[in-house]
Amino acid sequence: KGNGAETFASYSPKIRVDRGRDEGGKGAGVTIERNDAQQQTVEYTQSGQSIVSEMMILAGEVGARWGKDNGVPLPYRMHYKPVIPDEEEVTAIKDKFARTANMAKSFTRAVVDCRRPRPHASLGLPYYTQLSSPIRRFNDVLVHLQVKSVLRGEGPLYTADEFAEMAEAAFFVERDMKQVAQQCDEYWIAYYFSQRMDRVWDSTFLSWKSLEEGMGYVQIDEVGIKHALRVDTPAVPGQKLRIRAVQATPRL
């Protein structure tokens, strides 16, 4: 925190599909549970999951420092320090989820530079690369191969240009996979609400997407879903709302 790192509070929904077991005995049974892992409670920050997360970040910092000190091309991730308009007003928002939503609007995506490491503002680190998850991230596999080659005394396996080309290709593949996963989630979320049209949900107003068009982001607290909705009543970040689905059309 002292170096500018930001801690965000957010929920994420866990979607489970059991085909043939809906409430009427037909079709698919869909359950959505709220994942509290990123709620940033005291219990979470003292949990094993939080420790693992911090150790993964530490490994990334150590790897980036090693790469810099040895002149090794790696996919160094940098993140520009955000400029938050009305920062005092945002930090004064009491609801942590609404405060996170309004702060996050000022953050940009991290970018990759394979030639030299630069600061990662949101992590509060001078250097950072991702290397802790070679099972699920292709770039992490490349980092492991590069590091091992240097440690064996064989020199870098890839040049900075080669690394940049592979990292770019991996980015587009990962982006497409995330889009497919997101579309699947959206389908099952729509299906879930189509079965619960009469239900009234306790929700939290997070932020305006477009005040002129009356579109705002709302969090459905029980299931941890964040969605853009038309909000026809004046609302401020953190305000509690009660909402009901009026249309839900599952489609891919």
# chains A, B, ... in the order shown; residues from 1 in each chain; ligands from 1
call {"tool": "select_by_dssp", "arguments": {"residues": "stretch 105-213 of chain A", "states": "strand (DSSP E or B)", "output": "ChimeraX atom specification"}}
result
/A:111-113,120,125,129,200-210
call {"tool": "select_by_dssp", "arguments": {"residues": "stretch 14-240 of chain A", "states": "alpha helix (DSSP H)", "output": "number ranges by chain"}}
result
A: 42-45, 48-70, 87-91, 96-104, 138-151, 160-194
call {"tool": "residues_around", "arguments": {"residues": "A:Ile189", "least_positions_apart": "5", "cutoff": "10 Å", "atoms": "only C-alpha atoms", "output": "PyMOL selection string"}}
result
chain A and resi 13+15+30-32+183-184+194+225+248-250
call {"tool": "write_last_selection", "arguments": {"atoms": "C-alpha atoms", "output": "compact mmCIF listing (two decimals), in the first residue's frame"}}
result
# COMPACT_ATOMS: atom_id res chain seq x y z
CA PRO A 13 -20.32 -15.57 -9.27
CA ILE A 15 -22.01 -20.90 -11.81
CA VAL A 30 -28.44 -23.76 -12.70
CA THR A 31 -27.18 -22.55 -9.36
CA ILE A 32 -25.16 -19.37 -8.80
CA GLN A 183 -20.48 -15.59 -23.36
CA CYS A 184 -21.13 -18.96 -21.70
CA SER A 194 -35.40 -16.48 -16.62
CA ILE A 225 -23.28 -10.50 -10.17
CA ALA A 248 -34.16 -12.63 -19.62
CA THR A 249 -33.40 -14.24 -22.96
CA PRO A 250 -30.64 -16.89 -22.87
call {"tool": "closest_atom_pairs", "arguments": {"of": "stretch 124-237 of chain A", "to": "stretch 52-73 of chain A", "cutoff": "12 Å", "atoms": "only C-alpha atoms", "output": "CSV"}}
result
residue,atom,partner,partner_atom,distance
A:Gly124,CA,A:Glu61,CA,10.4
A:Leu125,CA,A:Glu61,CA,7.2
A:Pro126,CA,A:Glu61,CA,8.0
A:Tyr127,CA,A:Ala64,CA,5.6
A:Tyr128,CA,A:Glu61,CA,4.6
A:Thr129,CA,A:Gly60,CA,4.9
A:Gln130,CA,A:Gly60,CA,5.2
A:Leu131,CA,A:Gly60,CA,5.9
A:Ser132,CA,A:Met56,CA,5.8
A:Ser133,CA,A:Met56,CA,8.5
A:Pro134,CA,A:Met56,CA,11.9
A:Asp140,CA,A:Gly60,CA,10.0
A:Leu142,CA,A:Pro73,CA,10.8
A:Val143,CA,A:Gly63,CA,9.0
A:His144,CA,A:Gly63,CA,9.8
A:Leu145,CA,A:Pro73,CA,11.7
A:Gln146,CA,A:Val72,CA,8.2
A:Val147,CA,A:Val72,CA,8.2
A:Lys148,CA,A:Val72,CA,11.4
A:Ser149,CA,A:Val72,CA,10.5
A:Val150,CA,A:Val72,CA,8.2
A:Leu151,CA,A:Asn70,CA,10.6
A:Gly155,CA,A:Val72,CA,8.6
A:Pro156,CA,A:Val72,CA,6.5
A:Leu157,CA,A:Pro73,CA,9.3
A:Tyr158,CA,A:Pro73,CA,7.4
A:Thr159,CA,A:Pro73,CA,6.4
A:Ala160,CA,A:Pro73,CA,5.1
A:Asp161,CA,A:Pro73,CA,8.9
A:Glu162,CA,A:Pro73,CA,9.4
A:Phe163,CA,A:Pro73,CA,7.4
A:Ala164,CA,A:Pro73,CA,9.2
A:Ala167,CA,A:Pro73,CA,11.8
call {"tool": "atom_distance", "arguments": {"atom1": "atom CA of A:Val218", "atom2": "atom CA of A:Pro237"}}
result
9.4 Å
call {"tool": "residues_around", "arguments": {"residues": "A:Asp221", "least_positions_apart": "6", "cutoff": "8 Å", "atoms": "only C-alpha atoms", "output": "list in words"}}
result
Trp201, Asp202, Ser203 and Thr204 of chain A
call {"tool": "residues_around", "arguments": {"residues": "A:Asp198", "least_positions_apart": "4", "cutoff": "12 Å", "atoms": "only C-alpha atoms", "output": "PDB file with N, CA and C atoms, in the first residue's frame"}}
result
ATOM      1  N   PHE A 193     -31.882 -16.300 -14.347  1.00  0.00           N
ATOM      2  CA  PHE A 193     -32.879 -15.279 -14.022  1.00  0.00           C
ATOM      3  C   PHE A 193     -34.189 -15.509 -14.758  1.00  0.00           C
ATOM      4  N   SER A 194     -34.156 -16.183 -15.912  1.00  0.00           N
ATOM      5  CA  SER A 194     -35.397 -16.484 -16.622  1.00  0.00           C
ATOM      6  C   SER A 194     -36.269 -17.440 -15.809  1.00  0.00           C
ATOM      7  N   ILE A 243     -34.399  -4.885  -6.953  1.00  0.00           N
ATOM      8  CA  ILE A 243     -34.657  -4.975  -8.380  1.00  0.00           C
ATOM      9  C   ILE A 243     -35.267  -6.331  -8.724  1.00  0.00           C
ATOM     10  N   ARG A 244     -35.905  -6.378  -9.889  1.00  0.00           N
ATOM     11  CA  ARG A 244     -36.509  -7.616 -10.385  1.00  0.00           C
ATOM     12  C   ARG A 244     -36.272  -7.716 -11.881  1.00  0.00           C
ATOM     13  N   ALA A 245     -35.983  -8.919 -12.370  1.00  0.00           N
ATOM     14  CA  ALA A 245     -35.780  -9.128 -13.805  1.00  0.00           C
ATOM     15  C   ALA A 245     -37.119  -9.012 -14.523  1.00  0.00           C
ATOM     16  N   VAL A 246     -37.158  -8.219 -15.590  1.00  0.00           N
ATOM     17  CA  VAL A 246     -38.373  -8.086 -16.394  1.00  0.00           C
ATOM     18  C   VAL A 246     -38.218  -8.786 -17.735  1.00  0.00           C
ATOM     19  N   GLN A 247     -36.977  -9.109 -18.125  1.00  0.00           N
ATOM     20  CA  GLN A 247     -36.741  -9.850 -19.360  1.00  0.00           C
ATOM     21  C   GLN A 247     -35.411 -10.564 -19.231  1.00  0.00           C
ATOM     22  N   ALA A 248     -35.395 -11.835 -19.617  1.00  0.00           N
ATOM     23  CA  ALA A 248     -34.161 -12.627 -19.615  1.00  0.00           C
ATOM     24  C   ALA A 248     -34.243 -13.600 -20.764  1.00  0.00           C
TER      25      ALA A 248
END
call {"tool": "decode", "arguments": {"residues": "stretch 45-63 of chain A", "atoms": "N, CA, C and O atoms", "output": "mmCIF file, in the first residue's frame"}}
result
data_model
loop_
_atom_site.group_PDB
_atom_site.id
_atom_site.type_symbol
_atom_site.label_atom_id
_atom_site.label_comp_id
_atom_site.auth_asym_id
_atom_site.auth_seq_id
_atom_site.Cartn_x
_atom_site.Cartn_y
_atom_site.Cartn_z
ATOM 1 N N THR A 45 -7.926 -11.864 4.143
ATOM 2 C CA THR A 45 -6.529 -11.449 4.137
ATOM 3 C C THR A 45 -5.671 -12.309 5.048
ATOM 4 O O THR A 45 -4.451 -12.333 4.909
ATOM 5 N N GLN A 46 -6.287 -13.028 5.993
ATOM 6 C CA GLN A 46 -5.535 -13.932 6.866
ATOM 7 C C GLN A 46 -5.633 -15.383 6.414
ATOM 8 O O GLN A 46 -5.124 -16.277 7.083
ATOM 9 N N SER A 47 -6.255 -15.618 5.277
ATOM 10 C CA SER A 47 -6.484 -16.979 4.812
ATOM 11 C C SER A 47 -5.308 -17.494 3.995
ATOM 12 O O SER A 47 -4.454 -16.743 3.529
ATOM 13 N N GLY A 48 -5.282 -18.836 3.808
ATOM 14 C CA GLY A 48 -4.250 -19.441 2.987
ATOM 15 C C GLY A 48 -4.323 -18.970 1.547
ATOM 16 O O GLY A 48 -3.300 -18.806 0.875
ATOM 17 N N GLN A 49 -5.538 -18.729 1.047
ATOM 18 C CA GLN A 49 -5.698 -18.272 -0.332
ATOM 19 C C GLN A 49 -5.034 -16.921 -0.541
ATOM 20 O O GLN A 49 -4.398 -16.672 -1.572
ATOM 21 N N SER A 50 -5.163 -16.033 0.443
ATOM 22 C CA SER A 50 -4.522 -14.727 0.346
ATOM 23 C C SER A 50 -3.006 -14.863 0.361
ATOM 24 O O SER A 50 -2.297 -14.178 -0.392
ATOM 25 N N ILE A 51 -2.491 -15.757 1.193
ATOM 26 C CA ILE A 51 -1.040 -15.963 1.263
ATOM 27 C C ILE A 51 -0.504 -16.475 -0.072
ATOM 28 O O ILE A 51 0.532 -16.015 -0.565
ATOM 29 N N VAL A 52 -1.220 -17.436 -0.673
ATOM 30 C CA VAL A 52 -0.799 -17.964 -1.971
ATOM 31 C C VAL A 52 -0.781 -16.852 -3.013
ATOM 32 O O VAL A 52 0.162 -16.733 -3.814
ATOM 33 N N SER A 53 -1.812 -16.017 -3.025
ATOM 34 C CA SER A 53 -1.886 -14.914 -3.980
ATOM 35 C C SER A 53 -0.699 -13.963 -3.821
ATOM 36 O O SER A 53 -0.078 -13.545 -4.807
ATOM 37 N N GLU A 54 -0.373 -13.632 -2.571
ATOM 38 C CA GLU A 54 0.743 -12.726 -2.327
ATOM 39 C C GLU A 54 2.076 -13.357 -2.727
ATOM 40 O O GLU A 54 2.973 -12.673 -3.241
ATOM 41 N N MET A 55 2.218 -14.657 -2.502
ATOM 42 C CA MET A 55 3.452 -15.333 -2.885
ATOM 43 C C MET A 55 3.614 -15.390 -4.405
ATOM 44 O O MET A 55 4.735 -15.322 -4.924
ATOM 45 N N MET A 56 2.504 -15.506 -5.124
ATOM 46 C CA MET A 56 2.559 -15.485 -6.591
ATOM 47 C C MET A 56 3.037 -14.120 -7.082
ATOM 48 O O MET A 56 3.845 -14.027 -8.021
ATOM 49 N N ILE A 57 2.552 -13.062 -6.467
ATOM 50 C CA ILE A 57 2.994 -11.721 -6.838
ATOM 51 C C ILE A 57 4.471 -11.548 -6.496
ATOM 52 O O ILE A 57 5.252 -10.979 -7.282
ATOM 53 N N LEU A 58 4.889 -12.035 -5.318
ATOM 54 C CA LEU A 58 6.292 -11.946 -4.920
ATOM 55 C C LEU A 58 7.197 -12.675 -5.913
ATOM 56 O O LEU A 58 8.258 -12.176 -6.289
ATOM 57 N N ALA A 59 6.758 -13.868 -6.346
ATOM 58 C CA ALA A 59 7.542 -14.623 -7.329
ATOM 59 C C ALA A 59 7.695 -13.831 -8.622
ATOM 60 O O ALA A 59 8.771 -13.822 -9.237
ATOM 61 N N GLY A 60 6.635 -13.141 -9.030
ATOM 62 C CA GLY A 60 6.700 -12.329 -10.234
ATOM 63 C C GLY A 60 7.668 -11.170 -10.101
ATOM 64 O O GLY A 60 8.402 -10.834 -11.046
ATOM 65 N N GLU A 61 7.696 -10.560 -8.918
ATOM 66 C CA GLU A 61 8.641 -9.463 -8.689
ATOM 67 C C GLU A 61 10.079 -9.974 -8.692
ATOM 68 O O GLU A 61 10.972 -9.370 -9.313
ATOM 69 N N VAL A 62 10.324 -11.090 -8.002
ATOM 70 C CA VAL A 62 11.678 -11.660 -7.949
ATOM 71 C C VAL A 62 12.151 -12.038 -9.351
ATOM 72 O O VAL A 62 13.297 -11.767 -9.742
ATOM 73 N N GLY A 63 11.270 -12.675 -10.133
ATOM 74 C CA GLY A 63 11.633 -13.058 -11.497
ATOM 75 C C GLY A 63 11.979 -11.852 -12.352
ATOM 76 O O GLY A 63 12.953 -11.881 -13.131
#
